[in-house]
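*Asks:* Mind having a look at this structure? Questions to follow.
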Amino acid sequence: MLHAAMNFMVLGAFSLACASGWGAEPAWSAAVESIQIADLKTHIGTLASDALQGRESGTVSGHAASAYVITELRKLGVSPAGQDGQFVQEFNGNMRNLLAKQSGRDPRVSDEVILVSAHYDHVGFGTPKNSRGPIGFIHNGADDNASGVAALLEVIDAVKKLPQPPRRTIVFAFWDAEEKGLLGSKHWLTSPTVPKSQVKLVINADMIGRLTDAGIEITGWRAASGWRRLLSEANSPSPPTRLDPIDPLAPRLPLDFTWDLREDSDHYPFIAAGIPAVMLHTGKHDDYHRPSDDADKLNYPGLQRTARLLLLSALLAADADSLPAFRSEGSRETKQQQAQIEQPLPVPSGRLGIAWRPELVGERIVEVRDVAPQSAAAAAGLRAGDRILSFAGRDVSDVVDFRTIVVVAPKTTQALIQRSGESDPKELTIRLAGEPTRWGLAWRTDPAEPNCVILVQVIPHSPADLAGLQRFDRILQLNNKQVTAVDVAAVSRAGNDPVPVIFERQGRIDTTVLKPVIVSDR
């Protein structure tokens, strides 16, 4: 729904189903901190070594990889969740999924499952069908997907270090035969080792070892209302303010919430089965499915931050008051629909129609250099050389402030000018073009993003612009109240006090303050 008026905002009570509030529990800090680069390197150094010969599913090297993972699971003391009380779920004769679990502590929701996964197989020596060449050499698959396996092992270790288990049960799945067509995850869905109906959310990590400035690609997030909010909260567990430093353990990664949904990893079979699932991915690269995907090419600090994001996402979901239902529309929504929701509104034309002498700006003087024909300034009789002393009841001594005054001023307002050759200031009545705005915002809503609004316009020089807000920011909280429903009048009546805002931009939650500009028509 489009709200074209520039001062529209919202207020209301927070009711996001998949998050109980902004911020990780303080007790989680030690668990988050336990995910260390040295441990990630150790796991990847083994899994992506030549000794494991590319971990092809169903081969001796694939079984060697599974043996390593099982050994680590036993060290960590996590419970088996495979078949017959074991870690292993065998399928197709010689392939094997590996499953473990941490039981939830809350009897009211402990039968609900958050499933966190990564595939551990790769393509062995490669074939013309699965390698980008050259074939016949060991494809170590350090990024694909030793990175995801290492992160998942560290997440399990972190969960075991929590002072108490999460409320819901977390199942950890290491899929086999992903490279052969997502066979492991598809088999589990046909023969689940825990009731499939209990699985409420799936978080899959595939190729997360090559983090760049583009950040983490999040796929499948539209399969449940509120996924974007939950992942953003996991990414920003501490509210940054001017007084308090940002939590050094916070991932604070750019998140790319893509609308693309492809059958390219183990999240997809769950979405196809009606279970909400997302994939974390740092993008393909020149070494993808080549022998050169080696351990020394990974971004280990980036992998550490991504693994912490994986952990915090799972914990927030596991401890949420309630979880969102599956959105069947999510698998059908297209980039064309994204363009409709996020299409920016055009920037309105200028209200006054003047240019000033830039050489006087440093002297805090606003002197008219040019007046646009047929503009509000021309109709009011403003001339080149006029110095604007006050506008809409406010003294003018700064160009930045003056621009904002023009944006928020009433349609009919007064200007006091000093004209060259005249001793006394002169008052002019000006009828400005367009409508005034209090904050300078326009927004739309999205059914996949409840309890927030998406900014599709921020008027230049408006209070919103001065506060640092940008198009496509998501407003999550306004005036210390959660965003839930349209309540324009409440914001209009907010008075003259500053309005605190919590917003999300590319998966990072931040704060700012809207400062009203007080003007009059006299």
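Following the order of the structure tokens, first chain is A, next is B, and so on, with residues numbered from 1 inside each chain and ligands from 1 in the order they appear.
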Output as a Markdown table one row per residue of range 252-358 of chain A within 7 Å of range 224-235 of chain A: the closest atom pair and its distance in Å to one decimal place, counting only C-alpha atoms, sorted by chain and residue number ascending.
*Replies:*
```
| residue | atom | partner | partner_atom | distance |
| --- | --- | --- | --- | --- |
| A:Arg252 | CA | A:Asn235 | CA | 5.2 |
| A:Leu253 | CA | A:Asn235 | CA | 6.6 |
| A:Pro276 | CA | A:Ala224 | CA | 5.7 |
| A:Leu309 | CA | A:Asn235 | CA | 5.8 |
| A:Leu312 | CA | A:Ala234 | CA | 5.1 |
| A:Ser313 | CA | A:Ala234 | CA | 5.1 |
| A:Leu316 | CA | A:Ala234 | CA | 6.9 |
| A:Pro324 | CA | A:Ala224 | CA | 5.9 |
| A:Ala325 | CA | A:Ala224 | CA | 6.0 |
| A:Phe326 | CA | A:Ala224 | CA | 5.0 |
| A:Arg327 | CA | A:Ala224 | CA | 5.0 |
```
*Asks:* With C-alpha atoms retained, could you export that selection as a short mmCIF file (atom, residue, chain, number, x, y, z; two decimals), in the first residue's frame?
*Replies:*
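Okay, this is what ended up in part.cif:
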```
data_model
loop_
_atom_site.label_atom_id
_atom_site.label_comp_id
_atom_site.auth_asym_id
_atom_site.auth_seq_id
_atom_site.Cartn_x
_atom_site.Cartn_y
_atom_site.Cartn_z
CA ARG A 252 27.18 -6.30 11.64
CA LEU A 253 27.43 -7.69 8.10
CA PRO A 276 10.24 -21.90 5.90
CA LEU A 309 25.38 -14.74 12.57
CA LEU A 312 22.56 -15.91 16.77
CA SER A 313 19.90 -16.49 14.11
CA LEU A 316 16.77 -16.00 18.37
CA PRO A 324 5.83 -17.49 11.75
CA ALA A 325 3.85 -19.76 9.47
CA PHE A 326 4.96 -20.64 5.95
CA ARG A 327 4.21 -18.09 3.22
#
```
*Asks:* Pick out each residue of range 211-450 of chain A that DSSP on the backbone tags as strand (DSSP E or B); I need them as a ChimeraX atom specification.
*Replies:* /A:216-219,224,255-257,277-281,326,354-356,367-371,387-391,394-395,412-418,426-431,441-444
*Asks:* For the residues selected in the previous step, produce a file with C-alpha atoms as a PDB file, in the first residue's frame.
*Replies:*
```pdb
ATOM      1  CA  ILE A 216      25.884 -12.261   2.950  1.00  0.00           C
ATOM      2  CA  GLU A 217      23.268 -13.227   0.396  1.00  0.00           C
ATOM      3  CA  ILE A 218      20.066 -14.350   2.122  1.00  0.00           C
ATOM      4  CA  THR A 219      17.901 -16.602  -0.043  1.00  0.00           C
ATOM      5  CA  ALA A 224       7.921 -16.687   6.281  1.00  0.00           C
ATOM      6  CA  LEU A 255      22.861  -8.601   4.235  1.00  0.00           C
ATOM      7  CA  ASP A 256      21.564  -8.914   0.686  1.00  0.00           C
ATOM      8  CA  PHE A 257      17.948 -10.063   0.977  1.00  0.00           C
ATOM      9  CA  ALA A 277      13.952 -22.026   5.040  1.00  0.00           C
ATOM     10  CA  VAL A 278      16.754 -19.599   4.272  1.00  0.00           C
ATOM     11  CA  MET A 279      20.268 -19.995   2.928  1.00  0.00           C
ATOM     12  CA  LEU A 280      23.325 -17.958   3.929  1.00  0.00           C
ATOM     13  CA  HIS A 281      25.833 -17.620   1.082  1.00  0.00           C
ATOM     14  CA  PHE A 326       4.960 -20.640   5.951  1.00  0.00           C
ATOM     15  CA  ILE A 354      16.145  30.368  -6.244  1.00  0.00           C
ATOM     16  CA  ALA A 355      19.897  29.850  -6.382  1.00  0.00           C
ATOM     17  CA  TRP A 356      22.242  31.656  -4.005  1.00  0.00           C
ATOM     18  CA  GLU A 367      21.956  35.980  -0.986  1.00  0.00           C
ATOM     19  CA  VAL A 368      19.875  35.326  -4.077  1.00  0.00           C
ATOM     20  CA  ARG A 369      21.926  34.865  -7.232  1.00  0.00           C
ATOM     21  CA  ASP A 370      19.197  33.715  -9.641  1.00  0.00           C
ATOM     22  CA  VAL A 371      15.411  33.448  -9.575  1.00  0.00           C
ATOM     23  CA  ARG A 387      19.550  38.701   1.177  1.00  0.00           C
ATOM     24  CA  ILE A 388      17.132  36.461   3.066  1.00  0.00           C
ATOM     25  CA  LEU A 389      17.127  37.380   6.741  1.00  0.00           C
ATOM     26  CA  SER A 390      14.262  35.197   7.966  1.00  0.00           C
ATOM     27  CA  PHE A 391      11.878  32.695   6.433  1.00  0.00           C
ATOM     28  CA  ARG A 394      13.015  31.577  11.567  1.00  0.00           C
ATOM     29  CA  ASP A 395      16.218  33.524  11.251  1.00  0.00           C
ATOM     30  CA  THR A 412       1.848  30.500   2.302  1.00  0.00           C
ATOM     31  CA  THR A 413       4.636  31.987   4.357  1.00  0.00           C
ATOM     32  CA  GLN A 414       6.568  35.178   5.016  1.00  0.00           C
ATOM     33  CA  ALA A 415      10.146  36.084   4.158  1.00  0.00           C
ATOM     34  CA  LEU A 416      12.121  39.052   5.459  1.00  0.00           C
ATOM     35  CA  ILE A 417      14.737  40.261   3.009  1.00  0.00           C
ATOM     36  CA  GLN A 418      17.354  42.968   2.804  1.00  0.00           C
ATOM     37  CA  LYS A 426      11.294  44.201   3.324  1.00  0.00           C
ATOM     38  CA  GLU A 427       8.679  41.535   4.081  1.00  0.00           C
ATOM     39  CA  LEU A 428       7.353  39.393   1.245  1.00  0.00           C
ATOM     40  CA  THR A 429       4.467  36.943   1.214  1.00  0.00           C
ATOM     41  CA  ILE A 430       5.432  33.807  -0.677  1.00  0.00           C
ATOM     42  CA  ARG A 431       3.128  31.036  -1.858  1.00  0.00           C
ATOM     43  CA  LEU A 441       9.168  10.530   4.241  1.00  0.00           C
ATOM     44  CA  ALA A 442       6.993   8.300   2.093  1.00  0.00           C
ATOM     45  CA  TRP A 443       6.720   4.560   2.484  1.00  0.00           C
ATOM     46  CA  ARG A 444       5.128   1.281   1.467  1.00  0.00           C
TER      47      ARG A 444
END
```
*Asks:* Pick out the residues sitting within 9 Å of range 455-468 of chain A, and hand them over as an mmCIF file with all heavy atoms, in the first residue's frame; count only C-alpha atoms, and ignore anything fewer than 6 positions along from it in its own chain.
*Replies:*
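The resulting file, result05.cif, is shown below:
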```
data_model
loop_
_atom_site.group_PDB
_atom_site.id
_atom_site.type_symbol
_atom_site.label_atom_id
_atom_site.label_comp_id
_atom_site.auth_asym_id
_atom_site.auth_seq_id
_atom_site.Cartn_x
_atom_site.Cartn_y
_atom_site.Cartn_z
ATOM 1 N N MET A 6 4.124 13.072 2.235
ATOM 2 C CA MET A 6 5.524 12.986 2.613
ATOM 3 C C MET A 6 5.745 12.856 4.107
ATOM 4 O O MET A 6 6.799 12.445 4.533
ATOM 5 C CB MET A 6 6.269 14.227 2.102
ATOM 6 C CG MET A 6 6.309 14.310 0.595
ATOM 7 S SD MET A 6 7.001 12.847 -0.178
ATOM 8 C CE MET A 6 5.542 12.039 -0.792
ATOM 9 N N ILE A 341 7.060 -2.887 -4.985
ATOM 10 C CA ILE A 341 7.071 -2.524 -3.564
ATOM 11 C C ILE A 341 8.146 -1.487 -3.269
ATOM 12 O O ILE A 341 7.920 -0.526 -2.532
ATOM 13 C CB ILE A 341 7.287 -3.786 -2.703
ATOM 14 C CG1 ILE A 341 6.037 -4.663 -2.736
ATOM 15 C CG2 ILE A 341 7.623 -3.407 -1.260
ATOM 16 C CD1 ILE A 341 6.197 -5.979 -2.008
ATOM 17 N N GLU A 342 9.325 -1.668 -3.859
ATOM 18 C CA GLU A 342 10.456 -0.809 -3.512
ATOM 19 C C GLU A 342 10.681 0.330 -4.498
ATOM 20 O O GLU A 342 11.636 1.093 -4.336
ATOM 21 C CB GLU A 342 11.724 -1.651 -3.407
ATOM 22 C CG GLU A 342 11.679 -2.679 -2.287
ATOM 23 C CD GLU A 342 13.006 -3.374 -2.062
ATOM 24 O OE1 GLU A 342 13.870 -3.285 -2.960
ATOM 25 O OE2 GLU A 342 13.180 -3.990 -0.995
ATOM 26 N N GLN A 343 9.839 0.452 -5.516
ATOM 27 C CA GLN A 343 10.046 1.511 -6.508
ATOM 28 C C GLN A 343 10.073 2.874 -5.829
ATOM 29 O O GLN A 343 9.121 3.264 -5.159
ATOM 30 C CB GLN A 343 8.937 1.484 -7.554
ATOM 31 C CG GLN A 343 9.116 2.549 -8.642
ATOM 32 C CD GLN A 343 8.003 2.485 -9.678
ATOM 33 O OE1 GLN A 343 6.998 1.834 -9.473
ATOM 34 N NE2 GLN A 343 8.201 3.161 -10.785
ATOM 35 N N PRO A 344 11.166 3.611 -5.982
ATOM 36 C CA PRO A 344 11.243 4.916 -5.307
ATOM 37 C C PRO A 344 10.311 5.929 -5.932
ATOM 38 O O PRO A 344 10.048 5.903 -7.133
ATOM 39 C CB PRO A 344 12.712 5.317 -5.485
ATOM 40 C CG PRO A 344 13.167 4.575 -6.701
ATOM 41 C CD PRO A 344 12.396 3.289 -6.718
ATOM 42 N N LEU A 345 9.788 6.810 -5.115
ATOM 43 C CA LEU A 345 8.991 7.917 -5.617
ATOM 44 C C LEU A 345 9.919 9.004 -6.146
ATOM 45 O O LEU A 345 11.048 9.168 -5.669
ATOM 46 C CB LEU A 345 8.113 8.502 -4.506
ATOM 47 C CG LEU A 345 7.019 7.588 -3.963
ATOM 48 C CD1 LEU A 345 6.272 8.300 -2.846
ATOM 49 C CD2 LEU A 345 6.055 7.176 -5.057
ATOM 50 N N PRO A 346 9.477 9.772 -7.127
ATOM 51 C CA PRO A 346 10.328 10.836 -7.657
ATOM 52 C C PRO A 346 10.554 11.931 -6.621
ATOM 53 O O PRO A 346 9.707 12.172 -5.754
ATOM 54 C CB PRO A 346 9.527 11.360 -8.857
ATOM 55 C CG PRO A 346 8.108 10.985 -8.569
ATOM 56 C CD PRO A 346 8.175 9.692 -7.821
ATOM 57 N N VAL A 347 11.711 12.551 -6.710
ATOM 58 C CA VAL A 347 12.018 13.672 -5.822
ATOM 59 C C VAL A 347 11.176 14.869 -6.251
ATOM 60 O O VAL A 347 11.142 15.234 -7.428
ATOM 61 C CB VAL A 347 13.514 14.026 -5.885
ATOM 62 C CG1 VAL A 347 13.814 15.256 -5.041
ATOM 63 C CG2 VAL A 347 14.357 12.841 -5.426
ATOM 64 N N PRO A 348 10.437 15.486 -5.332
ATOM 65 C CA PRO A 348 9.598 16.630 -5.726
ATOM 66 C C PRO A 348 10.442 17.807 -6.176
ATOM 67 O O PRO A 348 11.595 17.973 -5.765
ATOM 68 C CB PRO A 348 8.823 16.953 -4.444
ATOM 69 C CG PRO A 348 9.658 16.403 -3.331
ATOM 70 C CD PRO A 348 10.336 15.184 -3.896
ATOM 71 N N VAL A 400 22.230 25.262 4.898
ATOM 72 C CA VAL A 400 21.662 23.955 5.206
ATOM 73 C C VAL A 400 20.356 24.112 5.959
ATOM 74 O O VAL A 400 19.342 23.477 5.637
ATOM 75 C CB VAL A 400 22.671 23.106 6.014
ATOM 76 C CG1 VAL A 400 22.029 21.801 6.471
ATOM 77 C CG2 VAL A 400 23.917 22.836 5.179
ATOM 78 N N ASP A 401 20.354 24.967 6.970
ATOM 79 C CA ASP A 401 19.143 25.205 7.745
ATOM 80 C C ASP A 401 18.059 25.827 6.870
ATOM 81 O O ASP A 401 16.879 25.471 6.971
ATOM 82 C CB ASP A 401 19.473 26.113 8.930
ATOM 83 C CG ASP A 401 18.280 26.321 9.843
ATOM 84 O OD1 ASP A 401 17.694 25.318 10.279
ATOM 85 O OD2 ASP A 401 17.929 27.483 10.112
ATOM 86 N N ARG A 403 17.524 25.495 3.628
ATOM 87 C CA ARG A 403 16.914 24.474 2.758
ATOM 88 C C ARG A 403 15.846 23.689 3.507
ATOM 89 O O ARG A 403 14.773 23.398 2.975
ATOM 90 C CB ARG A 403 17.988 23.511 2.253
ATOM 91 C CG ARG A 403 18.905 24.082 1.189
ATOM 92 C CD ARG A 403 20.066 23.134 0.978
ATOM 93 N NE ARG A 403 20.771 23.390 -0.268
ATOM 94 C CZ ARG A 403 21.975 22.901 -0.556
ATOM 95 N NH1 ARG A 403 22.598 22.129 0.327
ATOM 96 N NH2 ARG A 403 22.542 23.160 -1.715
ATOM 97 N N THR A 404 16.156 23.329 4.752
ATOM 98 C CA THR A 404 15.189 22.564 5.541
ATOM 99 C C THR A 404 13.957 23.397 5.850
ATOM 100 O O THR A 404 12.824 22.896 5.792
ATOM 101 C CB THR A 404 15.852 22.075 6.835
ATOM 102 O OG1 THR A 404 16.997 21.294 6.514
ATOM 103 C CG2 THR A 404 14.892 21.234 7.656
ATOM 104 N N ILE A 405 14.155 24.685 6.155
ATOM 105 C CA ILE A 405 13.007 25.552 6.431
ATOM 106 C C ILE A 405 12.068 25.602 5.241
ATOM 107 O O ILE A 405 10.846 25.528 5.378
ATOM 108 C CB ILE A 405 13.491 26.965 6.811
ATOM 109 C CG1 ILE A 405 14.281 26.934 8.118
ATOM 110 C CG2 ILE A 405 12.309 27.923 6.951
ATOM 111 C CD1 ILE A 405 15.003 28.231 8.426
ATOM 112 N N VAL A 406 12.619 25.708 4.033
ATOM 113 C CA VAL A 406 11.782 25.780 2.830
ATOM 114 C C VAL A 406 10.984 24.483 2.661
ATOM 115 O O VAL A 406 9.812 24.512 2.274
ATOM 116 C CB VAL A 406 12.652 26.051 1.588
ATOM 117 C CG1 VAL A 406 11.832 25.926 0.309
ATOM 118 C CG2 VAL A 406 13.288 27.437 1.674
ATOM 119 N N VAL A 407 11.603 23.346 2.967
ATOM 120 C CA VAL A 407 10.921 22.060 2.812
ATOM 121 C C VAL A 407 9.717 21.949 3.745
ATOM 122 O O VAL A 407 8.661 21.439 3.359
ATOM 123 C CB VAL A 407 11.914 20.899 3.059
ATOM 124 C CG1 VAL A 407 11.173 19.569 3.199
ATOM 125 C CG2 VAL A 407 12.923 20.812 1.925
ATOM 126 N N VAL A 408 9.841 22.425 4.980
ATOM 127 C CA VAL A 408 8.784 22.221 5.977
ATOM 128 C C VAL A 408 7.840 23.410 6.099
ATOM 129 O O VAL A 408 6.807 23.312 6.777
ATOM 130 C CB VAL A 408 9.400 21.910 7.361
ATOM 131 C CG1 VAL A 408 10.315 20.712 7.278
ATOM 132 C CG2 VAL A 408 10.133 23.122 7.937
ATOM 133 N N THR A 437 6.156 19.394 4.276
ATOM 134 C CA THR A 437 6.303 18.094 4.911
ATOM 135 C C THR A 437 6.899 18.287 6.285
ATOM 136 O O THR A 437 7.764 19.151 6.472
ATOM 137 C CB THR A 437 7.204 17.167 4.083
ATOM 138 O OG1 THR A 437 7.362 15.938 4.784
ATOM 139 C CG2 THR A 437 8.574 17.783 3.850
ATOM 140 N N ARG A 438 6.429 17.489 7.233
ATOM 141 C CA ARG A 438 7.012 17.615 8.556
ATOM 142 C C ARG A 438 8.311 16.833 8.669
ATOM 143 O O ARG A 438 9.292 17.312 9.217
ATOM 144 C CB ARG A 438 6.034 17.122 9.615
ATOM 145 C CG ARG A 438 6.612 17.297 11.008
ATOM 146 C CD ARG A 438 5.602 17.182 12.083
ATOM 147 N NE ARG A 438 6.164 17.679 13.334
ATOM 148 C CZ ARG A 438 5.613 17.500 14.511
ATOM 149 N NH1 ARG A 438 4.473 16.856 14.598
ATOM 150 N NH2 ARG A 438 6.187 17.973 15.595
ATOM 151 N N TRP A 439 8.293 15.599 8.160
ATOM 152 C CA TRP A 439 9.463 14.743 8.310
ATOM 153 C C TRP A 439 10.183 14.483 6.997
ATOM 154 O O TRP A 439 11.382 14.275 6.994
ATOM 155 C CB TRP A 439 9.069 13.406 8.937
ATOM 156 C CG TRP A 439 8.390 13.522 10.256
ATOM 157 C CD1 TRP A 439 7.106 13.145 10.561
ATOM 158 C CD2 TRP A 439 8.923 14.078 11.466
ATOM 159 N NE1 TRP A 439 6.820 13.420 11.867
ATOM 160 C CE2 TRP A 439 7.922 13.999 12.458
ATOM 161 C CE3 TRP A 439 10.154 14.645 11.798
ATOM 162 C CZ2 TRP A 439 8.123 14.448 13.761
ATOM 163 C CZ3 TRP A 439 10.349 15.098 13.093
ATOM 164 C CH2 TRP A 439 9.342 14.998 14.055
ATOM 165 N N GLY A 440 9.453 14.426 5.888
ATOM 166 C CA GLY A 440 10.090 14.201 4.589
ATOM 167 C C GLY A 440 10.182 12.746 4.193
ATOM 168 O O GLY A 440 11.164 12.335 3.587
ATOM 169 N N LEU A 441 9.149 11.963 4.502
ATOM 170 C CA LEU A 441 9.168 10.530 4.241
ATOM 171 C C LEU A 441 7.939 10.082 3.473
ATOM 172 O O LEU A 441 6.855 10.624 3.643
ATOM 173 C CB LEU A 441 9.184 9.744 5.563
ATOM 174 C CG LEU A 441 10.381 9.938 6.477
ATOM 175 C CD1 LEU A 441 10.147 9.168 7.770
ATOM 176 C CD2 LEU A 441 11.649 9.458 5.808
ATOM 177 N N ALA A 442 8.109 9.054 2.650
ATOM 178 C CA ALA A 442 6.993 8.300 2.093
ATOM 179 C C ALA A 442 7.384 6.833 2.134
ATOM 180 O O ALA A 442 8.570 6.494 2.066
ATOM 181 C CB ALA A 442 6.682 8.732 0.664
ATOM 182 N N TRP A 443 6.399 5.942 2.235
ATOM 183 C CA TRP A 443 6.720 4.560 2.484
ATOM 184 C C TRP A 443 5.670 3.632 1.906
ATOM 185 O O TRP A 443 4.577 4.041 1.532
ATOM 186 C CB TRP A 443 6.856 4.314 3.980
ATOM 187 C CG TRP A 443 5.732 4.867 4.811
ATOM 188 C CD1 TRP A 443 5.677 6.078 5.421
ATOM 189 C CD2 TRP A 443 4.487 4.227 5.089
ATOM 190 N NE1 TRP A 443 4.490 6.243 6.085
ATOM 191 C CE2 TRP A 443 3.730 5.116 5.896
ATOM 192 C CE3 TRP A 443 3.933 3.006 4.751
ATOM 193 C CZ2 TRP A 443 2.466 4.815 6.368
ATOM 194 C CZ3 TRP A 443 2.665 2.689 5.218
ATOM 195 C CH2 TRP A 443 1.941 3.596 6.012
ATOM 196 N N ARG A 444 6.060 2.345 1.802
ATOM 197 C CA ARG A 444 5.128 1.281 1.467
ATOM 198 C C ARG A 444 5.297 0.146 2.481
ATOM 199 O O ARG A 444 6.283 0.104 3.213
ATOM 200 C CB ARG A 444 5.378 0.732 0.050
ATOM 201 C CG ARG A 444 5.126 1.722 -1.068
ATOM 202 C CD ARG A 444 5.210 1.023 -2.429
ATOM 203 N NE ARG A 444 5.062 1.982 -3.526
ATOM 204 C CZ ARG A 444 6.060 2.538 -4.175
ATOM 205 N NH1 ARG A 444 7.303 2.246 -3.819
ATOM 206 N NH2 ARG A 444 5.853 3.380 -5.157
ATOM 207 N N THR A 445 4.336 -0.762 2.475
ATOM 208 C CA THR A 445 4.426 -1.933 3.332
ATOM 209 C C THR A 445 4.605 -3.185 2.479
ATOM 210 O O THR A 445 4.385 -3.175 1.276
ATOM 211 C CB THR A 445 3.167 -2.079 4.201
ATOM 212 O OG1 THR A 445 2.008 -2.174 3.343
ATOM 213 C CG2 THR A 445 3.014 -0.885 5.130
ATOM 214 N N ARG A 474 14.289 0.301 6.449
ATOM 215 C CA ARG A 474 13.087 -0.230 7.099
ATOM 216 C C ARG A 474 12.960 0.419 8.476
ATOM 217 O O ARG A 474 13.865 0.279 9.307
ATOM 218 C CB ARG A 474 13.179 -1.744 7.265
ATOM 219 C CG ARG A 474 12.672 -2.581 6.108
ATOM 220 C CD ARG A 474 13.435 -2.462 4.841
ATOM 221 N NE ARG A 474 12.909 -3.421 3.852
ATOM 222 C CZ ARG A 474 13.217 -3.393 2.561
ATOM 223 N NH1 ARG A 474 14.059 -2.470 2.101
ATOM 224 N NH2 ARG A 474 12.694 -4.271 1.732
ATOM 225 N N ILE A 475 11.841 1.115 8.712
ATOM 226 C CA ILE A 475 11.606 1.704 10.022
ATOM 227 C C ILE A 475 10.978 0.640 10.913
ATOM 228 O O ILE A 475 9.897 0.118 10.629
ATOM 229 C CB ILE A 475 10.675 2.930 9.931
ATOM 230 C CG1 ILE A 475 11.256 3.980 8.975
ATOM 231 C CG2 ILE A 475 10.447 3.530 11.326
ATOM 232 C CD1 ILE A 475 12.569 4.558 9.407
ATOM 233 N N THR A 512 18.597 6.619 15.027
ATOM 234 C CA THR A 512 18.775 8.030 14.702
ATOM 235 C C THR A 512 17.661 8.806 15.392
ATOM 236 O O THR A 512 16.831 8.224 16.111
ATOM 237 C CB THR A 512 18.774 8.263 13.176
ATOM 238 O OG1 THR A 512 19.168 9.623 12.917
ATOM 239 C CG2 THR A 512 17.409 8.003 12.564
ATOM 240 N N VAL A 513 17.636 10.105 15.180
ATOM 241 C CA VAL A 513 16.631 10.962 15.805
ATOM 242 C C VAL A 513 16.095 11.928 14.765
ATOM 243 O O VAL A 513 16.872 12.615 14.076
ATOM 244 C CB VAL A 513 17.217 11.756 17.002
ATOM 245 C CG1 VAL A 513 16.163 12.702 17.589
ATOM 246 C CG2 VAL A 513 17.725 10.799 18.078
ATOM 247 N N LEU A 514 14.767 11.982 14.632
ATOM 248 C CA LEU A 514 14.114 13.002 13.808
ATOM 249 C C LEU A 514 13.921 14.250 14.662
ATOM 250 O O LEU A 514 13.311 14.184 15.735
ATOM 251 C CB LEU A 514 12.752 12.507 13.312
ATOM 252 C CG LEU A 514 12.754 11.388 12.267
ATOM 253 C CD1 LEU A 514 11.329 10.902 12.044
ATOM 254 C CD2 LEU A 514 13.358 11.853 10.970
ATOM 255 N N LYS A 515 14.459 15.352 14.185
ATOM 256 C CA LYS A 515 14.342 16.605 14.932
ATOM 257 C C LYS A 515 13.391 17.537 14.194
ATOM 258 O O LYS A 515 13.692 17.960 13.066
ATOM 259 C CB LYS A 515 15.706 17.250 15.105
ATOM 260 C CG LYS A 515 16.663 16.399 15.936
ATOM 261 C CD LYS A 515 18.022 17.057 16.074
ATOM 262 C CE LYS A 515 18.950 16.174 16.901
ATOM 263 N NZ LYS A 515 20.309 16.781 17.026
ATOM 264 N N PRO A 516 12.240 17.856 14.787
ATOM 265 C CA PRO A 516 11.278 18.720 14.089
ATOM 266 C C PRO A 516 11.830 20.130 13.912
ATOM 267 O O PRO A 516 12.617 20.628 14.726
ATOM 268 C CB PRO A 516 10.069 18.708 15.020
ATOM 269 C CG PRO A 516 10.617 18.362 16.363
ATOM 270 C CD PRO A 516 11.792 17.462 16.125
ATOM 271 N N VAL A 517 11.435 20.751 12.820
ATOM 272 C CA VAL A 517 11.811 22.136 12.534
ATOM 273 C C VAL A 517 10.560 22.987 12.729
ATOM 274 O O VAL A 517 9.548 22.782 12.048
ATOM 275 C CB VAL A 517 12.349 22.286 11.099
ATOM 276 C CG1 VAL A 517 12.667 23.742 10.797
ATOM 277 C CG2 VAL A 517 13.584 21.414 10.916
#
```
*Asks:* How many Å lie between CA of Val78 in chain A and CA of Phe174 in chain A, rounded to one decimal?
*Replies:*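 Computing it gives 13.7 Å between the two atoms.
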*Asks:* Give me every alpha helix (DSSP H) residue in range 172-351 of chain A, going by DSSP on the backbone, as number ranges by chain.
*Replies:* A: 183-190, 227-235, 268-272, 300-319, 335-342
*Asks:* Extract, using only C-alpha atoms, all DNA, RNA and protein residues at most 12 Å from range 51-63 of chain A, discarding same-chain residues fewer than 5 positions from it, and format them as a VMD selection string.
*Replies:* chain A and resid 44 to 46 68 to 70 88 90 to 98 119 to 127 130 to 131 135 to 146 175 to 184 289 to 294
*Asks:* Taking 6 positions as the minimum chain separation for residues in the same chain, which residues sit within 7 Å of Ser117 in chain A when counting only C-alpha atoms? Answer as a PyMOL selection string.
*Replies:* chain A and resi 172-174+203-205
*Asks:* Keeping C-alpha atoms for every residue in the selection just given, could you write it to a file as a PDB file, in the first residue's frame?
*Replies:*
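Dumped to out_4.pdb:
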```pdb
ATOM      1  CA  PHE A 172      21.974 -29.931  13.321  1.00  0.00           C
ATOM      2  CA  ALA A 173      22.083 -31.608   9.910  1.00  0.00           C
ATOM      3  CA  PHE A 174      25.146 -32.344   7.793  1.00  0.00           C
ATOM      4  CA  ILE A 203      18.748 -22.166   8.284  1.00  0.00           C
ATOM      5  CA  ASN A 204      21.168 -23.559   5.711  1.00  0.00           C
ATOM      6  CA  ALA A 205      24.806 -22.477   5.291  1.00  0.00           C
TER       7      ALA A 205
END
```
*Asks:* Please determine, counting only C-alpha atoms, which residue among A:Arg308, A:Arg74, A:Lys186, A:His267 has the shortest atom-to-atom distance to Glu33 in chain A.
*Replies:*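 Of A:Arg308, A:Arg74, A:Lys186, A:His267, the one nearest Glu33 in chain A is A:Arg308, counting only C-alpha atoms.
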*Asks:* Calculated over only C-alpha atoms, which of the candidates A:Val499, A:Ala65, A:Leu189, A:Ala27 has the smallest distance to Leu478 in chain A?
*Replies:*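 For Leu478 in chain A, the nearest of the candidates is A:Val499.
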*Asks:* In Å, how far is it from CA of Ser34 in chain A to CA of Pro166 in chain A?
*Replies:* 16.9 Å
*Asks:* When you count only C-alpha atoms, which of these residues is closest to Ser349 in chain A: A:Cys452, A:Leu432, A:Ala409, A:Ala384?
*Replies:*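 Nearest candidate to Ser349 in chain A out of A:Cys452, A:Leu432, A:Ala409, A:Ala384: A:Leu432.
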